[in-house]
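Shown next: structure_9.cif, given as mmCIF, C-alpha atoms.
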data_structure
#
loop_
_atom_site.label_atom_id
_atom_site.label_comp_id
_atom_site.auth_asym_id
_atom_site.auth_seq_id
_atom_site.Cartn_x
_atom_site.Cartn_y
_atom_site.Cartn_z
CA MET G 535 20.33 -16.73 -5.85
CA ILE G 536 19.61 -18.75 -2.69
CA LYS G 537 22.26 -16.81 -0.77
CA TYR G 538 20.74 -13.50 -1.85
CA ILE G 539 17.19 -14.58 -1.00
CA GLY G 540 18.35 -15.73 2.42
CA LYS G 541 20.11 -12.43 3.04
CA ARG G 542 17.07 -10.40 2.04
CA LEU G 543 14.79 -12.56 4.16
CA LEU G 544 16.99 -11.98 7.20
CA GLN G 545 16.98 -8.22 6.57
CA SER G 546 13.20 -8.24 6.24
CA LEU G 547 12.78 -10.27 9.42
CA LEU G 548 15.09 -7.91 11.29
CA THR G 549 13.09 -4.90 10.08
CA LEU G 550 9.84 -6.58 11.10
CA PHE G 551 11.33 -7.43 14.50
CA ILE G 552 12.21 -3.78 15.09
CA ILE G 553 8.75 -2.61 14.02
CA VAL G 554 7.02 -5.15 16.26
CA ASN G 555 9.02 -3.97 19.26
CA VAL G 556 8.46 -0.29 18.49
CA VAL G 557 4.70 -0.85 18.17
CA PHE G 558 4.66 -2.83 21.42
CA PHE G 559 6.38 -0.11 23.44
CA LEU G 560 4.41 2.73 21.81
CA MET G 561 1.14 1.03 22.65
CA ARG G 562 2.24 0.72 26.27
CA LEU G 563 2.56 4.53 26.29
CA MET G 564 -1.01 5.02 25.08
CA PRO G 565 -3.65 6.22 27.57
CA GLU G 566 -5.25 3.46 29.65
CA GLU G 567 -8.69 4.54 28.44
CA GLY G 568 -8.00 2.69 25.21
CA TYR G 569 -8.29 -0.62 27.05
CA PHE G 570 -11.72 0.11 28.57
CA GLY G 571 -13.75 2.19 26.16
CA GLU G 572 -16.82 3.92 27.52
CA GLN G 573 -16.65 1.97 30.76
CA TYR G 574 -13.52 3.82 31.88
CA ASP G 575 -15.40 6.86 33.28
CA LYS G 576 -17.66 4.56 35.29
CA MET G 577 -14.81 2.71 36.99
CA ASP G 578 -12.90 3.67 40.12
CA GLU G 579 -9.14 3.32 40.54
CA GLN G 580 -9.34 -0.09 42.18
CA GLN G 581 -11.48 -1.51 39.38
CA ILE G 582 -9.14 -0.07 36.75
CA GLU G 583 -6.10 -1.49 38.48
CA ALA G 584 -7.72 -4.92 38.83
CA ALA G 585 -8.70 -4.93 35.16
CA LEU G 586 -5.21 -3.94 34.03
CA GLN G 587 -3.74 -6.73 36.14
CA SER G 588 -6.16 -9.26 34.64
CA MET G 589 -5.08 -8.13 31.16
CA GLY G 590 -1.46 -8.70 32.11
CA LEU G 591 -0.57 -5.03 31.66
CA ARG G 592 0.94 -4.85 35.14
CA ASP G 593 3.30 -7.77 34.51
CA PRO G 594 7.01 -7.04 33.98
CA ILE G 595 7.74 -5.73 30.49
CA PRO G 596 9.80 -8.80 29.42
CA VAL G 597 6.88 -11.06 30.39
CA GLN G 598 4.44 -8.90 28.42
CA LEU G 599 6.77 -8.90 25.42
CA LEU G 600 7.13 -12.69 25.36
CA ARG G 601 3.37 -13.11 25.66
CA TYR G 602 2.94 -10.59 22.84
CA TYR G 603 5.25 -12.60 20.56
CA ASP G 604 3.44 -15.81 21.41
CA GLN G 605 0.11 -14.24 20.46
CA LEU G 606 1.50 -12.94 17.16
CA LEU G 607 2.93 -16.35 16.26
CA HIS G 608 -0.55 -17.81 16.73
CA PHE G 609 -2.16 -14.91 14.82
CA ASN G 610 -3.99 -13.92 17.96
CA PHE G 611 -4.44 -10.15 17.98
CA GLY G 612 -6.79 -10.16 20.94
CA LYS G 613 -10.28 -8.72 21.07
CA SER G 614 -11.65 -5.34 20.08
CA ILE G 615 -12.61 -3.08 22.96
CA THR G 616 -14.61 -0.19 21.56
CA VAL G 617 -15.15 -0.67 17.81
CA ARG G 618 -16.75 -4.12 18.19
CA PRO G 619 -16.49 -5.01 21.87
CA LYS G 620 -15.27 -8.52 22.74
CA VAL G 621 -15.07 -9.62 19.08
CA ASP G 622 -11.84 -11.26 17.89
CA ILE G 623 -9.75 -8.76 15.94
CA SER G 624 -8.75 -11.42 13.40
CA LYS G 625 -12.44 -11.99 12.65
CA ILE G 626 -13.03 -8.25 12.17
CA ILE G 627 -10.06 -7.95 9.82
CA MET G 628 -11.20 -10.94 7.76
CA GLN G 629 -14.54 -9.22 7.25
CA LYS G 630 -12.99 -5.90 6.25
CA ALA G 631 -10.00 -7.05 4.16
CA PRO G 632 -11.99 -8.18 1.06
CA TYR G 633 -13.25 -4.63 0.48
CA SER G 634 -9.75 -3.14 0.60
CA ILE G 635 -8.39 -5.92 -1.62
CA ARG G 636 -11.08 -5.47 -4.29
CA PHE G 637 -10.70 -1.71 -4.46
CA GLY G 638 -6.92 -1.94 -4.25
CA VAL G 639 -6.57 -4.49 -7.06
CA ALA G 640 -8.97 -2.57 -9.31
CA SER G 641 -7.16 0.74 -8.76
CA VAL G 642 -3.72 -0.81 -9.35
CA LEU G 643 -4.87 -2.42 -12.60
CA LEU G 644 -6.36 0.87 -13.75
CA SER G 645 -3.12 2.69 -12.87
CA LEU G 646 -1.06 0.20 -14.87
CA VAL G 647 -3.41 0.09 -17.86
CA VAL G 648 -3.51 3.88 -18.12
CA GLY G 649 -0.12 4.95 -16.71
CA ILE G 650 2.28 2.77 -18.71
CA PRO G 651 0.77 3.49 -22.17
CA MET G 652 0.48 7.14 -21.20
CA GLY G 653 4.17 7.33 -20.28
CA THR G 654 5.14 5.51 -23.47
CA VAL G 655 3.18 7.92 -25.66
CA MET G 656 4.68 10.88 -23.79
CA ALA G 657 8.20 9.57 -24.46
CA LEU G 658 7.57 8.90 -28.14
CA LYS G 659 5.89 12.31 -28.55
CA LYS G 660 8.44 14.19 -26.45
CA GLY G 661 7.89 17.94 -26.56
CA LYS G 662 4.57 17.65 -28.38
CA ALA G 663 1.00 18.17 -27.20
CA ALA G 664 0.59 14.66 -25.74
CA ASP G 665 3.79 15.04 -23.72
CA LYS G 666 2.81 18.47 -22.44
CA PHE G 667 -0.65 17.26 -21.45
CA GLY G 668 0.80 14.26 -19.62
CA ASN G 669 3.38 16.39 -17.79
CA ALA G 670 0.65 18.82 -16.76
CA TYR G 671 -1.35 15.93 -15.31
CA ILE G 672 1.68 14.61 -13.40
CA VAL G 673 2.51 18.06 -11.99
CA ILE G 674 -1.09 18.64 -10.86
CA ILE G 675 -1.35 15.25 -9.15
CA ASN G 676 1.96 15.73 -7.33
CA ALA G 677 1.50 19.43 -6.48
CA VAL G 678 -2.14 19.57 -5.41
CA PRO G 679 -3.03 17.93 -2.06
CA ALA G 680 -4.81 14.65 -2.70
CA ALA G 681 -7.72 15.62 -0.46
CA VAL G 682 -8.54 18.50 -2.81
CA TYR G 683 -8.99 16.49 -5.99
CA TYR G 684 -10.56 13.59 -4.08
CA LEU G 685 -13.32 15.93 -2.89
CA PHE G 686 -13.58 17.52 -6.33
CA ILE G 687 -14.11 14.11 -7.96
CA GLN G 688 -16.63 13.06 -5.35
CA LEU G 689 -18.72 16.21 -5.52
CA TYR G 690 -18.65 16.95 -9.25
CA GLY G 691 -18.12 13.42 -10.56
CA SER G 692 -21.16 12.05 -8.77
CA GLY G 693 -23.28 14.91 -10.13
CA LEU G 694 -22.08 14.68 -13.74
CA LEU G 695 -22.34 10.90 -13.88
CA SER G 696 -25.47 10.65 -11.70
CA LEU G 697 -23.71 8.36 -9.23
CA ASP G 698 -24.19 7.89 -5.50
CA ILE G 699 -21.93 10.18 -3.51
CA LEU G 700 -21.16 7.28 -1.13
CA TYR G 701 -20.33 3.65 -1.86
CA ASN G 702 -23.38 1.42 -2.08
CA GLU G 703 -22.60 -2.29 -1.99
CA ARG G 704 -25.79 -3.05 -3.91
CA LYS G 705 -24.72 -0.82 -6.82
CA ALA G 706 -21.47 -1.87 -8.44
CA ILE G 707 -21.25 1.40 -10.40
CA SER G 708 -20.87 3.31 -7.11
CA ALA G 709 -17.34 1.85 -6.87
CA LEU G 710 -16.25 3.77 -9.98
CA LEU G 711 -15.33 7.09 -8.36
CA PRO G 712 -13.39 5.57 -5.43
CA ILE G 713 -11.40 3.34 -7.80
CA VAL G 714 -10.61 6.24 -10.14
CA SER G 715 -9.60 8.42 -7.19
CA MET G 716 -7.30 5.73 -5.76
CA SER G 717 -5.66 5.20 -9.15
CA LEU G 718 -4.74 8.83 -9.88
CA GLY G 719 -1.50 8.88 -7.92
CA GLY G 720 -0.38 5.51 -9.27
CA THR G 721 -1.20 6.53 -12.83
CA ALA G 722 0.94 9.66 -12.52
CA SER G 723 3.81 7.68 -10.98
CA TYR G 724 3.80 4.94 -13.62
CA ALA G 725 3.48 7.48 -16.44
CA MET G 726 6.37 9.58 -15.10
CA TRP G 727 8.75 6.65 -14.65
CA THR G 728 7.77 4.96 -17.92
CA ARG G 729 8.39 8.18 -19.81
CA ARG G 730 11.77 8.68 -18.13
CA TYR G 731 13.02 5.18 -18.85
CA VAL G 732 11.68 5.01 -22.41
CA VAL G 733 13.38 8.34 -23.20
CA ASP G 734 16.62 6.85 -21.81
CA GLN G 735 16.27 3.91 -24.17
CA LEU G 736 15.48 5.88 -27.35
CA ASN G 737 19.11 6.48 -28.33
CA LYS G 738 20.56 3.18 -27.17
CA ASP G 739 22.63 1.23 -29.68
CA TYR G 740 20.26 -1.74 -29.70
CA VAL G 741 17.37 0.56 -30.71
CA LYS G 742 19.38 2.01 -33.59
CA PHE G 743 20.40 -1.50 -34.63
CA ALA G 744 16.78 -2.69 -34.54
CA ARG G 745 15.72 0.22 -36.76
CA ALA G 746 18.57 -0.54 -39.17
CA LYS G 747 17.30 -4.11 -39.45
CA GLY G 748 13.93 -2.79 -40.57
CA ASN G 749 11.88 -3.50 -37.44
CA THR G 750 8.69 -1.50 -37.10
CA GLU G 751 8.48 1.20 -34.44
CA GLY G 752 5.76 -0.77 -32.67
CA ARG G 753 7.95 -3.87 -32.43
CA ILE G 754 10.93 -1.84 -31.25
CA THR G 755 8.85 -0.01 -28.66
CA PHE G 756 6.93 -2.93 -27.17
CA GLY G 757 9.26 -5.81 -27.97
CA HIS G 758 12.52 -4.24 -26.89
CA MET G 759 12.48 -0.71 -25.55
CA LEU G 760 9.49 -0.84 -23.22
CA ARG G 761 10.54 -4.19 -21.78
CA ASN G 762 13.94 -2.82 -20.83
CA ALA G 763 12.45 0.41 -19.56
CA LEU G 764 10.10 -1.42 -17.20
CA VAL G 765 12.83 -3.43 -15.45
CA PRO G 766 13.81 -0.63 -12.99
CA MET G 767 10.11 -0.09 -12.18
CA THR G 768 9.68 -3.71 -11.15
CA GLN G 769 11.35 -3.17 -7.79
CA ASN G 770 8.75 -0.66 -6.61
CA LEU G 771 5.72 -2.29 -8.23
CA PRO G 772 4.97 -4.94 -5.54
CA ALA G 773 5.30 -2.42 -2.72
CA ASN G 774 2.94 -0.02 -4.50
CA ILE G 775 0.45 -2.81 -5.16
CA LEU G 776 0.47 -4.11 -1.59
CA LEU G 777 0.20 -0.66 -0.05
CA THR G 778 -2.69 0.17 -2.37
CA ILE G 779 -4.42 -3.09 -1.55
CA SER G 780 -4.10 -2.22 2.13
CA GLY G 781 -6.63 0.45 1.32
CA SER G 782 -6.56 4.17 0.99
CA ILE G 783 -7.51 5.38 4.45
CA TYR G 784 -8.83 8.69 3.19
CA ILE G 785 -10.76 7.25 0.24
CA GLU G 786 -12.44 4.57 2.33
CA SER G 787 -13.45 7.17 4.87
CA LEU G 788 -14.61 9.63 2.21
CA TYR G 789 -16.86 7.12 0.44
CA SER G 790 -17.84 5.13 3.56
CA ILE G 791 -16.21 1.94 2.26
CA PRO G 792 -16.18 -0.68 5.04
CA GLY G 793 -12.55 -1.64 4.49
CA MET G 794 -9.41 -1.79 6.61
CA GLY G 795 -8.52 1.86 6.08
CA ASN G 796 -11.84 3.01 7.47
CA LEU G 797 -11.45 0.49 10.28
CA LEU G 798 -8.10 2.01 11.28
CA LEU G 799 -9.62 5.48 11.50
CA SER G 800 -12.45 4.16 13.66
CA ALA G 801 -10.00 2.33 15.92
CA ILE G 802 -7.88 5.45 16.40
CA SER G 803 -10.83 7.77 17.02
CA ARG G 804 -12.34 5.33 19.54
CA GLN G 805 -8.96 4.57 21.17
CA ASP G 806 -9.22 0.83 20.55
CA ASN G 807 -5.58 0.07 21.37
CA PRO G 808 -5.46 -3.66 20.48
CA LEU G 809 -7.12 -3.04 17.11
CA VAL G 810 -4.82 -0.12 16.27
CA GLN G 811 -1.82 -2.28 17.19
CA ALA G 812 -2.97 -5.14 14.93
CA LEU G 813 -3.66 -2.92 11.92
CA VAL G 814 -0.34 -1.08 12.19
CA LEU G 815 1.50 -4.41 12.25
CA ILE G 816 -0.42 -5.67 9.22
CA TYR G 817 0.32 -2.53 7.20
CA SER G 818 3.99 -2.69 8.18
CA SER G 819 4.25 -6.36 7.23
CA LEU G 820 2.68 -5.71 3.83
CA GLY G 821 5.16 -2.94 3.13
CA ILE G 822 8.16 -5.09 4.10
CA PHE G 823 6.92 -8.04 2.06
CA GLY G 824 6.37 -5.74 -0.92
CA LEU G 825 9.93 -4.44 -0.82
CA LEU G 826 11.29 -7.99 -0.57
CA LEU G 827 9.16 -9.17 -3.48
CA GLY G 828 10.30 -6.17 -5.53
CA ASP G 829 13.97 -7.06 -5.07
CA LEU G 830 13.33 -10.64 -6.11
CA LEU G 831 11.33 -9.59 -9.18
CA MET G 832 14.21 -7.36 -10.26
CA VAL G 833 16.44 -10.40 -10.42
CA VAL G 834 13.84 -12.45 -12.31
CA CYS G 835 13.24 -9.68 -14.88
CA ASP G 836 16.91 -8.90 -15.41
CA PRO G 837 19.30 -11.82 -14.74
CA ARG G 838 22.26 -9.49 -15.41
CA ILE G 839 21.79 -7.87 -12.00
CA LYS G 840 24.54 -8.87 -9.57
CA LEU G 841 23.28 -10.10 -6.25
CA VAL G 842 26.52 -9.83 -4.31
CA ARG G 843 29.76 -7.95 -4.73
CA GLY G 844 32.88 -8.88 -6.56
CA LYS G 845 33.81 -12.44 -7.46
CA GLU G 846 30.88 -13.84 -5.52
CA ALA G 847 28.35 -12.33 -7.91
CA LEU G 848 25.87 -14.96 -9.01
#
Represent the structure contained in this file as structure tokens.
Amino acid sequence: MIKYIGKRLLQSLLTLFIIVNVVFFLMRLMPEEGYFGEQYDKMDEQQIEAALQSMGLRDPIPVQLLRYYDQLLHFNFGKSITVRPKVDISKIIMQKAPYSIRFGVASVLLSLVVGIPMGTVMALKKGKAADKFGNAYIVIINAVPAAVYYLFIQLYGSGLLSLDILYNERKAISALLPIVSMSLGGTASYAMWTRRYVVDQLNKDYVKFARAKGNTEGRITFGHMLRNALVPMTQNLPANILLTISGSIYIESLYSIPGMGNLLLSAISRQDNPLVQALVLIYSSLGIFGLLLGDLLMVVCDPRIKLVRGKEAL
């Protein structure tokens, strides 16, 4: 177990190292305007050159890279330039992150609560009305561009339910439509995979044996079959949760939610290079951590999984 965890940690660190370097070099290719904001048009070449030198952007690349690593190790992302001029980026992120976390957690819980039972019912009622309805939902969610049904829900859902069309922090009910919208894709994914794995388990020998012993269908489904069916889903669950918590960029923008997703859009549109760099690194780190956590949860949920090859299997 320890050997496997160490190996996966090294792989994750290597991946993060590559991403950090790619982001660093890509940001150095961005237009210089992103380091000055609105002041750029008012500056002459000498002023621009002096400012770039003071920022260290004219130092040799290896020197810049080492300074960049030192800042990351101290969680120093620099200061915002155009979104909130001269404000520490870490402070801005700390203010925005709680919104993305709240909406993300709520949407993930809704996806799990609805998607897993939905997939189970579809598997048990294979070929019947419930299964056909569920498959139709999954096909629609995967085939139709998300922006289409997001707008549909916002426009018609707010009218039918008499809700604000934009998020209002003073009205908790205004969070309903964004949460539902963010959960639709996850619900379809969990339902699809749950159905697939439960169907795979229906004709297993242990299920037949459990029925022969007189166990009820409910006990067989939830006590045995569903537990085994959910093991393969465990690997992707943490990554999905963390990426959802990061915030749906489109949803936050659509409903004017002051979260990290909306912040990234603002940073890109205003060419705030340091802020864009920080947010990209945070999203990347969350994704890598999610994949690592998923692999470890797989082992916890199913000890039969071999961590290494051959005779060294733990």
Residues of segment 781-802 of chain G within 12 Å of segment 668-687 of chain G: nearest atom pair and distance (Å, one decimal) for each, counting all atoms listed in the file, sorted by chain and number, as a Markdown table?
| residue | atom | partner | partner_atom | distance |
| --- | --- | --- | --- | --- |
| G:Ser782 | CA | G:Ala680 | CA | 11.2 |
| G:Ile783 | CA | G:Ala681 | CA | 11.4 |
| G:Tyr784 | CA | G:Ala681 | CA | 7.9 |
| G:Ile785 | CA | G:Tyr684 | CA | 7.7 |
| G:Glu786 | CA | G:Tyr684 | CA | 11.2 |
| G:Ser787 | CA | G:Tyr684 | CA | 11.4 |
| G:Leu788 | CA | G:Leu685 | CA | 8.2 |
| G:Tyr789 | CA | G:Leu685 | CA | 10.1 |
- Message: Could you list, as JSON, numbers by chain, every residue matched by the PyMOL selection byres ((chain G and resi 553) around 12) in this structure?
- Response: {"G": [546, 547, 548, 549, 550, 551, 552, 554, 555, 556, 557, 558, 559, 560, 811, 814, 815, 816, 817, 818, 819, 821, 822]}
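Here the PyMOL selection byres ((chain G and resi 599-616) around 7) matches the residues G:Tyr569, G:Phe570, G:Gly571, G:Ile595, G:Pro596, G:Val597, G:Gln598, G:Val617, G:Arg618, G:Pro619, G:Lys620, G:Val621, G:Asp622, G:Ile623, G:Ser624, G:Arg804, G:Asp806, G:Pro808, G:Leu809, G:Ala812.
Atom CA of Pro651 of chain G is positioned 29.3 Å from atom CA of Tyr701 of chain G.
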Task: Within 10 Å of Ile754 of chain G using all atoms listed in the file, minus same-chain residues under 2 positions, as number ranges by chain - done: G: 736, 740-742, 744-745, 748-752, 756-761
> Expanded to explicit residues, what is the PyMOL selection byres ((chain G and resi 713) around 9) for this file, as a PyMOL selection string?
Replying inline: chain G and resi 637-638+640-642+644+709-712+714-718+785
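For the residues G:Met561, G:Leu591, G:Leu543, G:Leu827, ranking by smallest atom-to-atom distance to Asn807 of chain G using all atoms listed in the file places G:Met561 first.
Distances to Ser645 of chain G were evaluated for G:Tyr724, G:Tyr538, G:Phe823, G:Tyr574 using all atoms listed in the file, and the minimum falls at G:Tyr724.
Pairwise distance (atom CA of Thr755 of chain G, atom CA of Gln735 of chain G) equals 9.5 Å.
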A straight line from atom CA of Ala657 of chain G to atom CA of Arg730 of chain G spans 7.3 Å
Using C-alpha atoms, give me segment 777-832 of chain G from the structure I just pasted, as a PDB file, in the first residue's frame.
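Result file follows (decode-v5.pdb):
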ATOM      1  CA  LEU G 777     -13.894  19.760 -10.651  1.00  0.00           C
ATOM      2  CA  THR G 778     -17.504  20.603  -9.840  1.00  0.00           C
ATOM      3  CA  ILE G 779     -16.480  22.386  -6.663  1.00  0.00           C
ATOM      4  CA  SER G 780     -14.052  24.447  -8.726  1.00  0.00           C
ATOM      5  CA  GLY G 781     -17.174  25.984 -10.152  1.00  0.00           C
ATOM      6  CA  SER G 782     -18.961  25.822 -13.431  1.00  0.00           C
ATOM      7  CA  ILE G 783     -17.543  28.748 -15.362  1.00  0.00           C
ATOM      8  CA  TYR G 784     -20.582  29.080 -17.573  1.00  0.00           C
ATOM      9  CA  ILE G 785     -23.143  28.716 -14.773  1.00  0.00           C
ATOM     10  CA  GLU G 786     -21.436  31.266 -12.545  1.00  0.00           C
ATOM     11  CA  SER G 787     -21.291  33.705 -15.420  1.00  0.00           C
ATOM     12  CA  LEU G 788     -24.890  33.019 -16.456  1.00  0.00           C
ATOM     13  CA  TYR G 789     -26.326  33.611 -12.985  1.00  0.00           C
ATOM     14  CA  SER G 790     -23.781  36.271 -11.912  1.00  0.00           C
ATOM     15  CA  ILE G 791     -22.450  34.107  -9.074  1.00  0.00           C
ATOM     16  CA  PRO G 792     -19.320  35.751  -7.607  1.00  0.00           C
ATOM     17  CA  GLY G 793     -17.290  32.534  -7.598  1.00  0.00           C
ATOM     18  CA  MET G 794     -13.974  31.399  -9.044  1.00  0.00           C
ATOM     19  CA  GLY G 795     -15.427  30.466 -12.418  1.00  0.00           C
ATOM     20  CA  ASN G 796     -16.769  33.957 -12.963  1.00  0.00           C
ATOM     21  CA  LEU G 797     -13.465  35.334 -11.693  1.00  0.00           C
ATOM     22  CA  LEU G 798     -11.541  33.379 -14.343  1.00  0.00           C
ATOM     23  CA  LEU G 799     -13.717  34.788 -17.113  1.00  0.00           C
ATOM     24  CA  SER G 800     -13.176  38.310 -15.814  1.00  0.00           C
ATOM     25  CA  ALA G 801      -9.424  37.755 -15.580  1.00  0.00           C
ATOM     26  CA  ILE G 802      -9.243  36.475 -19.164  1.00  0.00           C
ATOM     27  CA  SER G 803     -11.421  39.225 -20.618  1.00  0.00           C
ATOM     28  CA  ARG G 804      -9.412  41.912 -18.794  1.00  0.00           C
ATOM     29  CA  GLN G 805      -6.054  40.267 -19.589  1.00  0.00           C
ATOM     30  CA  ASP G 806      -5.046  39.987 -15.939  1.00  0.00           C
ATOM     31  CA  ASN G 807      -2.112  37.633 -16.551  1.00  0.00           C
ATOM     32  CA  PRO G 808      -1.082  36.891 -12.939  1.00  0.00           C
ATOM     33  CA  LEU G 809      -4.678  36.107 -11.935  1.00  0.00           C
ATOM     34  CA  VAL G 810      -5.248  33.857 -14.957  1.00  0.00           C
ATOM     35  CA  GLN G 811      -2.012  32.028 -14.153  1.00  0.00           C
ATOM     36  CA  ALA G 812      -3.033  31.452 -10.521  1.00  0.00           C
ATOM     37  CA  LEU G 813      -6.519  30.173 -11.361  1.00  0.00           C
ATOM     38  CA  VAL G 814      -5.268  27.790 -14.058  1.00  0.00           C
ATOM     39  CA  LEU G 815      -2.787  26.305 -11.591  1.00  0.00           C
ATOM     40  CA  ILE G 816      -5.471  25.892  -8.935  1.00  0.00           C
ATOM     41  CA  TYR G 817      -7.848  24.128 -11.325  1.00  0.00           C
ATOM     42  CA  SER G 818      -5.048  21.864 -12.544  1.00  0.00           C
ATOM     43  CA  SER G 819      -4.004  20.978  -8.998  1.00  0.00           C
ATOM     44  CA  LEU G 820      -7.582  20.111  -8.049  1.00  0.00           C
ATOM     45  CA  GLY G 821      -7.894  17.800 -11.030  1.00  0.00           C
ATOM     46  CA  ILE G 822      -4.618  16.004 -10.256  1.00  0.00           C
ATOM     47  CA  PHE G 823      -5.504  15.636  -6.582  1.00  0.00           C
ATOM     48  CA  GLY G 824      -8.918  14.272  -7.541  1.00  0.00           C
ATOM     49  CA  LEU G 825      -7.428  11.571  -9.759  1.00  0.00           C
ATOM     50  CA  LEU G 826      -4.978  10.574  -7.021  1.00  0.00           C
ATOM     51  CA  LEU G 827      -7.731  10.409  -4.418  1.00  0.00           C
ATOM     52  CA  GLY G 828      -9.846   8.314  -6.793  1.00  0.00           C
ATOM     53  CA  ASP G 829      -7.109   5.702  -7.181  1.00  0.00           C
ATOM     54  CA  LEU G 830      -6.674   5.469  -3.425  1.00  0.00           C
ATOM     55  CA  LEU G 831     -10.415   5.152  -2.819  1.00  0.00           C
ATOM     56  CA  MET G 832     -10.551   2.283  -5.305  1.00  0.00           C
TER      57      MET G 832
END
